[in-house]
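Undergrad: What follows is final.cif, mmCIF, C-alpha atoms, pLDDT in the B column; chains and numbers go by the auth columns.
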data_my_file
#
loop_
_atom_site.group_PDB
_atom_site.id
_atom_site.type_symbol
_atom_site.label_atom_id
_atom_site.label_comp_id
_atom_site.label_asym_id
_atom_site.label_seq_id
_atom_site.Cartn_x
_atom_site.Cartn_y
_atom_site.Cartn_z
_atom_site.B_iso_or_equiv
_atom_site.auth_seq_id
_atom_site.auth_asym_id
ATOM 1 C CA MET A 1 -10.874 15.155 0.546 88.00 194 Z
ATOM 2 C CA ILE A 2 -11.462 11.429 0.293 90.00 195 Z
ATOM 3 C CA GLU A 3 -10.624 9.461 3.419 91.00 196 Z
ATOM 4 C CA VAL A 4 -10.963 5.693 3.578 90.00 197 Z
ATOM 5 C CA SER A 5 -9.538 3.119 5.978 92.00 198 Z
ATOM 6 C CA ARG A 6 -9.967 -0.649 5.747 91.00 199 Z
ATOM 7 C CA THR A 7 -8.428 -3.522 7.685 92.00 200 Z
ATOM 8 C CA LEU A 8 -7.842 -7.100 6.574 91.00 201 Z
ATOM 9 C CA PRO A 9 -6.777 -10.021 8.735 93.00 202 Z
ATOM 10 C CA VAL A 10 -3.348 -11.262 7.649 95.00 203 Z
ATOM 11 C CA ASN A 11 -4.113 -14.922 8.328 93.00 204 Z
ATOM 12 C CA GLU A 12 -7.587 -15.871 7.114 83.00 205 Z
ATOM 13 C CA GLY A 13 -7.154 -19.624 7.310 80.00 206 Z
ATOM 14 C CA THR A 14 -4.920 -19.770 4.238 78.00 207 Z
ATOM 15 C CA GLY A 15 -1.472 -21.225 4.860 84.00 208 Z
ATOM 16 C CA PRO A 16 1.250 -20.645 5.542 93.00 209 Z
ATOM 17 C CA VAL A 17 0.650 -18.467 8.564 92.00 210 Z
ATOM 18 C CA LEU A 18 2.367 -15.101 8.134 94.00 211 Z
ATOM 19 C CA THR A 19 4.237 -13.223 10.846 93.00 212 Z
ATOM 20 C CA VAL A 20 4.597 -9.469 11.254 95.00 213 Z
ATOM 21 C CA ASP A 21 8.160 -9.851 9.863 95.00 214 Z
ATOM 22 C CA ASP A 22 6.808 -11.603 6.752 95.00 215 Z
ATOM 23 C CA VAL A 23 4.220 -8.892 6.133 95.00 216 Z
ATOM 24 C CA TRP A 24 6.764 -6.133 6.759 96.00 217 Z
ATOM 25 C CA GLN A 25 9.113 -7.540 4.124 95.00 218 Z
ATOM 26 C CA GLY A 26 6.216 -7.686 1.669 93.00 219 Z
ATOM 27 C CA LEU A 27 5.320 -4.029 2.313 95.00 220 Z
ATOM 28 C CA VAL A 28 8.931 -2.943 1.782 96.00 221 Z
ATOM 29 C CA ASP A 29 9.084 -4.965 -1.452 94.00 222 Z
ATOM 30 C CA LYS A 30 5.783 -3.424 -2.597 93.00 223 Z
ATOM 31 C CA ALA A 31 7.061 0.097 -1.953 96.00 224 Z
ATOM 32 C CA GLN A 32 10.209 -0.546 -3.985 95.00 225 Z
ATOM 33 C CA ASN A 33 8.556 -2.451 -6.827 93.00 226 Z
ATOM 34 C CA PRO A 34 4.766 -2.069 -6.782 93.00 227 Z
ATOM 35 C CA LEU A 35 4.293 -3.590 -10.257 91.00 228 Z
ATOM 36 C CA LEU A 36 4.156 -7.059 -8.723 86.00 229 Z
ATOM 37 C CA TYR A 37 1.495 -6.011 -6.214 86.00 230 Z
ATOM 38 C CA VAL A 38 -0.678 -3.177 -7.551 86.00 231 Z
ATOM 39 C CA ALA A 39 -2.425 -3.804 -10.863 84.00 232 Z
ATOM 40 C CA ALA A 40 -3.264 -0.093 -11.235 85.00 233 Z
ATOM 41 C CA ILE A 41 0.451 0.845 -11.286 91.00 234 Z
ATOM 42 C CA SER A 42 2.085 0.311 -14.676 95.00 235 Z
ATOM 43 C CA GLU A 43 5.500 1.952 -14.098 97.00 236 Z
ATOM 44 C CA CYS A 44 7.777 2.678 -11.149 97.00 237 Z
ATOM 45 C CA THR A 45 11.180 4.308 -10.913 97.00 238 Z
ATOM 46 C CA VAL A 46 12.872 4.848 -7.562 98.00 239 Z
ATOM 47 C CA THR A 47 14.531 8.242 -8.037 98.00 240 Z
ATOM 48 C CA GLU A 48 16.082 8.669 -4.615 98.00 241 Z
ATOM 49 C CA ARG A 49 16.805 6.704 -1.478 98.00 242 Z
ATOM 50 C CA PHE A 50 17.262 8.261 1.945 98.00 243 Z
ATOM 51 C CA ASP A 51 17.696 6.932 5.454 97.00 244 Z
ATOM 52 C CA GLY A 52 14.309 5.388 6.225 97.00 245 Z
ATOM 53 C CA GLY A 53 12.687 5.754 2.834 98.00 246 Z
ATOM 54 C CA LEU A 54 12.652 6.529 -0.864 98.00 247 Z
ATOM 55 C CA VAL A 55 11.154 8.740 -3.535 98.00 248 Z
ATOM 56 C CA ARG A 56 9.456 7.058 -6.465 98.00 249 Z
ATOM 57 C CA ASP A 57 7.778 8.121 -9.682 97.00 250 Z
ATOM 58 C CA ILE A 58 4.906 5.850 -10.649 96.00 251 Z
ATOM 59 C CA VAL A 59 2.208 5.713 -13.273 96.00 252 Z
ATOM 60 C CA HIS A 60 -1.069 4.968 -11.466 89.00 253 Z
ATOM 61 C CA VAL A 61 -4.127 4.390 -13.646 85.00 254 Z
ATOM 62 C CA GLY A 62 -2.306 6.089 -16.521 92.00 255 Z
ATOM 63 C CA GLN A 63 -1.428 9.192 -14.476 91.00 256 Z
ATOM 64 C CA PRO A 64 2.125 10.184 -13.406 96.00 257 Z
ATOM 65 C CA VAL A 65 2.521 10.446 -9.629 95.00 258 Z
ATOM 66 C CA ARG A 66 5.482 11.159 -7.363 97.00 259 Z
ATOM 67 C CA GLU A 67 5.479 9.652 -3.885 97.00 260 Z
ATOM 68 C CA VAL A 68 7.784 10.101 -0.922 98.00 261 Z
ATOM 69 C CA VAL A 69 7.767 6.795 0.972 98.00 262 Z
ATOM 70 C CA THR A 70 8.825 6.583 4.622 98.00 263 Z
ATOM 71 C CA PHE A 71 9.347 3.295 6.449 98.00 264 Z
ATOM 72 C CA TYR A 72 8.464 2.862 10.112 98.00 265 Z
ATOM 73 C CA PRO A 73 9.928 -0.634 10.567 97.00 266 Z
ATOM 74 C CA LYS A 74 7.464 -3.405 11.225 96.00 267 Z
ATOM 75 C CA GLN A 75 4.661 -0.878 11.785 97.00 268 Z
ATOM 76 C CA ARG A 76 3.827 1.357 8.850 98.00 269 Z
ATOM 77 C CA VAL A 77 4.752 2.452 5.356 98.00 270 Z
ATOM 78 C CA HIS A 78 3.702 6.067 4.764 98.00 271 Z
ATOM 79 C CA PHE A 79 3.283 7.422 1.228 97.00 272 Z
ATOM 80 C CA VAL A 80 2.955 11.145 0.508 97.00 273 Z
ATOM 81 C CA ARG A 81 1.742 11.941 -3.000 95.00 274 Z
ATOM 82 C CA THR A 82 3.493 15.201 -3.831 95.00 275 Z
ATOM 83 C CA HIS A 83 2.880 15.382 -7.592 92.00 276 Z
ATOM 84 C CA GLY A 84 -0.059 14.202 -9.673 89.00 277 Z
ATOM 85 C CA THR A 85 -3.750 14.926 -9.939 88.00 278 Z
ATOM 86 C CA ALA A 86 -4.534 13.115 -6.668 88.00 279 Z
ATOM 87 C CA LYS A 87 -2.431 14.368 -3.748 93.00 280 Z
ATOM 88 C CA GLY A 88 -2.412 13.290 -0.149 94.00 281 Z
ATOM 89 C CA THR A 89 -1.257 10.392 1.985 96.00 282 Z
ATOM 90 C CA ILE A 90 -1.578 6.629 1.982 94.00 283 Z
ATOM 91 C CA ASP A 91 -0.614 4.387 4.891 96.00 284 Z
ATOM 92 C CA ASN A 92 -0.110 0.634 5.024 95.00 285 Z
ATOM 93 C CA GLU A 93 -0.063 -0.321 8.686 97.00 286 Z
ATOM 94 C CA ILE A 94 0.573 -3.591 10.466 97.00 287 Z
ATOM 95 C CA GLY A 95 -1.313 -4.025 13.712 95.00 288 Z
ATOM 96 C CA LEU A 96 -2.611 -6.699 16.018 93.00 289 Z
ATOM 97 C CA GLY A 97 -6.327 -7.376 16.254 91.00 290 Z
ATOM 98 C CA GLU A 98 -8.339 -8.101 19.362 91.00 291 Z
ATOM 99 C CA THR A 99 -7.179 -11.732 19.296 89.00 292 Z
ATOM 100 C CA GLY A 100 -3.512 -10.752 18.925 91.00 293 Z
ATOM 101 C CA GLU A 101 -3.403 -11.822 15.288 91.00 294 Z
ATOM 102 C CA PRO A 102 -1.725 -9.546 12.710 95.00 295 Z
ATOM 103 C CA GLU A 103 -3.885 -7.250 10.595 95.00 296 Z
ATOM 104 C CA LEU A 104 -3.041 -5.037 7.658 94.00 297 Z
ATOM 105 C CA THR A 105 -4.751 -1.652 7.369 94.00 298 Z
ATOM 106 C CA PHE A 106 -4.635 0.809 4.517 92.00 299 Z
ATOM 107 C CA THR A 107 -5.745 4.374 4.960 94.00 300 Z
ATOM 108 C CA PHE A 108 -5.775 7.056 2.331 92.00 301 Z
ATOM 109 C CA ARG A 109 -6.507 10.749 2.503 94.00 302 Z
ATOM 110 C CA ILE A 110 -6.554 12.112 -1.040 90.00 303 Z
ATOM 111 C CA ALA A 111 -7.702 15.340 -2.667 90.00 304 Z
ATOM 112 C CA VAL A 112 -8.276 15.193 -6.427 88.00 305 Z
ATOM 113 C CA ASP A 113 -7.481 18.237 -8.568 89.00 306 Z
ATOM 114 C CA GLY A 114 -10.540 19.624 -10.322 89.00 307 Z
ATOM 115 C CA VAL A 115 -12.987 17.438 -8.402 88.00 308 Z
ATOM 116 C CA GLU A 116 -15.370 19.159 -6.025 89.00 309 Z
ATOM 117 C CA SER A 117 -15.300 17.935 -2.443 87.00 310 Z
ATOM 118 C CA GLY A 118 -18.398 15.873 -1.668 89.00 311 Z
ATOM 119 C CA SER A 119 -19.358 15.503 -5.348 91.00 312 Z
ATOM 120 C CA SER A 120 -20.437 12.260 -7.011 93.00 313 Z
ATOM 121 C CA ALA A 121 -17.192 12.369 -9.044 89.00 314 Z
ATOM 122 C CA GLU A 122 -15.180 12.439 -5.810 89.00 315 Z
ATOM 123 C CA LYS A 123 -17.251 9.565 -4.417 90.00 316 Z
ATOM 124 C CA GLU A 124 -16.696 7.478 -7.570 90.00 317 Z
ATOM 125 C CA PHE A 125 -12.949 8.204 -7.496 86.00 318 Z
ATOM 126 C CA GLY A 126 -12.805 7.157 -3.844 87.00 319 Z
ATOM 127 C CA GLU A 127 -14.701 3.922 -4.524 90.00 320 Z
ATOM 128 C CA ARG A 128 -12.333 3.001 -7.377 86.00 321 Z
ATOM 129 C CA MET A 129 -9.296 3.809 -5.266 84.00 322 Z
ATOM 130 C CA GLU A 130 -10.649 1.786 -2.341 87.00 323 Z
ATOM 131 C CA ALA A 131 -11.231 -1.232 -4.608 88.00 324 Z
ATOM 132 C CA ASP A 132 -7.722 -0.865 -6.078 84.00 325 Z
ATOM 133 C CA TYR A 133 -6.136 -0.723 -2.634 83.00 326 Z
ATOM 134 C CA LEU A 134 -8.123 -3.633 -1.209 87.00 327 Z
ATOM 135 C CA ASP A 135 -6.971 -5.638 -4.224 87.00 328 Z
ATOM 136 C CA ALA A 136 -3.375 -4.467 -3.650 85.00 329 Z
ATOM 137 C CA LEU A 137 -3.470 -5.601 -0.005 86.00 330 Z
ATOM 138 C CA ARG A 138 -4.861 -9.005 -0.976 87.00 331 Z
ATOM 139 C CA THR A 139 -2.259 -9.337 -3.739 88.00 332 Z
ATOM 140 C CA THR A 140 0.508 -8.334 -1.316 88.00 333 Z
ATOM 141 C CA LEU A 141 -0.571 -10.919 1.254 90.00 334 Z
ATOM 142 C CA LYS A 142 -0.799 -13.608 -1.441 90.00 335 Z
ATOM 143 C CA ALA A 143 2.693 -12.758 -2.758 89.00 336 Z
ATOM 144 C CA VAL A 144 4.116 -12.856 0.772 90.00 337 Z
ATOM 145 C CA ARG A 145 2.354 -16.162 1.429 93.00 338 Z
ATOM 146 C CA ASP A 146 3.753 -17.590 -1.847 91.00 339 Z
ATOM 147 C CA ARG A 147 7.294 -16.427 -0.931 89.00 340 Z
ATOM 148 C CA VAL A 148 7.076 -17.925 2.574 91.00 341 Z
ATOM 149 C CA ALA A 149 5.692 -21.209 1.185 91.00 342 Z
ATOM 150 C CA ALA A 150 8.484 -21.396 -1.419 91.00 343 Z
ATOM 151 C CA ALA A 151 11.140 -20.702 1.228 88.00 344 Z
ATOM 152 C CA SER A 152 9.797 -23.360 3.587 83.00 345 Z
ATOM 153 C CA GLY A 153 9.567 -25.863 0.730 77.00 346 Z
ATOM 154 C CA ALA A 154 13.153 -25.114 -0.275 56.00 347 Z
ATOM 155 C CA SER A 155 14.415 -25.927 3.225 49.00 348 Z
ATOM 156 C CA ASP A 156 12.816 -29.397 3.373 46.00 349 Z
#
How would this structure read if it were set down as structure tokens?

TA:
Amino acid sequence: MIEVSRTLPVNEGTGPVLTVDDVWQGLVDKAQNPLLYVAAISECTVTERFDGGLVRDIVHVGQPVREVVTFYPKQRVHFVRTHGTAKGTIDNEIGLGETGEPELTFTFRIAVDGVESGSSAEKEFGERMEADYLDALRTTLKAVRDRVAAASGASD
């Protein structure tokens, strides 16, 4: 089982300053249409919607994956990978740091079919996945920042 958790500050001195509401909307958008946010995902079809979430079929790094996505408003988006070669959970969580500023944390707990726990292959897979998800968080924050900037410019 690969388990990784990383936190990024939401506002790193790049404007406009984002609120928890801004980040939440970006996470919901990313769950519904990850193609704009996650370079490693090449396809996404939402197959079902339910109160508080959705089911989606994606192609991640060329591999088909099914995820059940549950929304915990303004706190966390929880993904459960139920089908595919890498199964487990992924969380995108909004929190407040020690200074009270918003932070965005991703955590994944993934087991890869056919890969021995603790092996170098598992370690390499985890490192690639971590890099992909750090990139996805940065891309998400940039897209949210661009949307907020466009909206504030439109109201001038």

Undergrad: Using all atoms listed in the file, which residues sit within 7 Å of Val262 (chain Z) once same-chain residues fewer than 3 positions away are excluded, as a PyMOL selection string?

TA: chain Z and resi 246-248+270-273

Undergrad: With a distance cut-off of 6 Å and only C-alpha atoms, select the neighbouring residues of region 284-296 of chain Z, excluding the residue or stretch itself and same-chain residues fewer than 2 positions from it, and output the selection as a list of chain:residue names.

TA: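 The residues that qualify are Z:Leu201, Z:Pro202, Z:Val203, Z:Gln268, Z:Arg269, Z:Val270, Z:His271, Z:Thr298, Z:Phe299, Z:Thr300.
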
Undergrad: If I put a ball of radius 12 Å at (-13.1, 4.7, -5.1) in the file's coordinates, which residues poke into it when counting all atoms listed in the file, written as a list in words?

TA: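 Output: Ile195, Glu196, Val197, Ser198, Phe301, Arg302, Ile303, Val305, Ser313, Ala314, Glu315, Lys316, Glu317, Phe318, Gly319, Glu320, Arg321, Met322, Glu323, Ala324, Asp325, Tyr326 and Leu327 of chain Z.
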
Undergrad: Let's have the selection written as a PDB file, in the frame of the given file, with C-alpha atoms.

TA:
ATOM      1  CA  ILE Z 195     -11.462  11.429   0.293  1.00 90.00           C
ATOM      2  CA  GLU Z 196     -10.624   9.461   3.419  1.00 91.00           C
ATOM      3  CA  VAL Z 197     -10.963   5.693   3.578  1.00 90.00           C
ATOM      4  CA  SER Z 198      -9.538   3.119   5.978  1.00 92.00           C
ATOM      5  CA  PHE Z 301      -5.775   7.056   2.331  1.00 92.00           C
ATOM      6  CA  ARG Z 302      -6.507  10.749   2.503  1.00 94.00           C
ATOM      7  CA  ILE Z 303      -6.554  12.112  -1.040  1.00 90.00           C
ATOM      8  CA  VAL Z 305      -8.276  15.193  -6.427  1.00 88.00           C
ATOM      9  CA  SER Z 313     -20.437  12.260  -7.011  1.00 93.00           C
ATOM     10  CA  ALA Z 314     -17.192  12.369  -9.044  1.00 89.00           C
ATOM     11  CA  GLU Z 315     -15.180  12.439  -5.810  1.00 89.00           C
ATOM     12  CA  LYS Z 316     -17.251   9.565  -4.417  1.00 90.00           C
ATOM     13  CA  GLU Z 317     -16.696   7.478  -7.570  1.00 90.00           C
ATOM     14  CA  PHE Z 318     -12.949   8.204  -7.496  1.00 86.00           C
ATOM     15  CA  GLY Z 319     -12.805   7.157  -3.844  1.00 87.00           C
ATOM     16  CA  GLU Z 320     -14.701   3.922  -4.524  1.00 90.00           C
ATOM     17  CA  ARG Z 321     -12.333   3.001  -7.377  1.00 86.00           C
ATOM     18  CA  MET Z 322      -9.296   3.809  -5.266  1.00 84.00           C
ATOM     19  CA  GLU Z 323     -10.649   1.786  -2.341  1.00 87.00           C
ATOM     20  CA  ALA Z 324     -11.231  -1.232  -4.608  1.00 88.00           C
ATOM     21  CA  ASP Z 325      -7.722  -0.865  -6.078  1.00 84.00           C
ATOM     22  CA  TYR Z 326      -6.136  -0.723  -2.634  1.00 83.00           C
ATOM     23  CA  LEU Z 327      -8.123  -3.633  -1.209  1.00 87.00           C
TER      24      LEU Z 327
END

Undergrad: Starting from the shown file, work through the PyMOL selection byres ((chain Z and resi 261) around 12) and note down what comes out as number ranges by chain.

TA: Z: 224-225, 239-243, 245-251, 258-260, 262-264, 270-276, 280-284

Undergrad: Can you tell me, as a PyMOL selection string, what residues are no more than 6 Å from region 215-221 of chain Z when counting all atoms listed in the file, ignoring any on the same chain fewer than 3 positions away?

TA: chain Z and resi 211-212+224+267+337

Undergrad: Create the file for the chosen residues now, containing C-alpha atoms and written as a CSV table (one decimal), in the coordinates of the input.

TA:
chain,number,residue,atom,x,y,z
Z,211,LEU,CA,2.4,-15.1,8.1
Z,212,THR,CA,4.2,-13.2,10.8
Z,224,ALA,CA,7.1,0.1,-2.0
Z,267,LYS,CA,7.5,-3.4,11.2
Z,337,VAL,CA,4.1,-12.9,0.8

Undergrad: Hey, what's within 12 Å of Leu228 (chain Z) if we count all atoms listed in the file and toss same-chain stuff fewer than 5 positions away? As an MDAnalysis selection string, please?

TA: chainID Z and resid 222:223 233:238 251:253 329 332:333 336

Undergrad: Give me a file of those residues, with C-alpha atoms, as a PDB file, in the frame of the given file.

TA:
ATOM      1  CA  ASP Z 222       9.084  -4.965  -1.452  1.00 94.00           C
ATOM      2  CA  LYS Z 223       5.783  -3.424  -2.597  1.00 93.00           C
ATOM      3  CA  ALA Z 233      -3.264  -0.093 -11.235  1.00 85.00           C
ATOM      4  CA  ILE Z 234       0.451   0.845 -11.286  1.00 91.00           C
ATOM      5  CA  SER Z 235       2.085   0.311 -14.676  1.00 95.00           C
ATOM      6  CA  GLU Z 236       5.500   1.952 -14.098  1.00 97.00           C
ATOM      7  CA  CYS Z 237       7.777   2.678 -11.149  1.00 97.00           C
ATOM      8  CA  THR Z 238      11.180   4.308 -10.913  1.00 97.00           C
ATOM      9  CA  ILE Z 251       4.906   5.850 -10.649  1.00 96.00           C
ATOM     10  CA  VAL Z 252       2.208   5.713 -13.273  1.00 96.00           C
ATOM     11  CA  HIS Z 253      -1.069   4.968 -11.466  1.00 89.00           C
ATOM     12  CA  ALA Z 329      -3.375  -4.467  -3.650  1.00 85.00           C
ATOM     13  CA  THR Z 332      -2.259  -9.337  -3.739  1.00 88.00           C
ATOM     14  CA  THR Z 333       0.508  -8.334  -1.316  1.00 88.00           C
ATOM     15  CA  ALA Z 336       2.693 -12.758  -2.758  1.00 89.00           C
TER      16      ALA Z 336
END

Undergrad: Taking only C-alpha atoms into account, name the residue in Z:Asp339, Z:Glu309, Z:Asp328, Z:Asp244 that is nearest to Thr207 (chain Z).

TA: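 When distances to Thr207 (chain Z) are compared using only C-alpha atoms, the smallest one comes from Z:Asp339.
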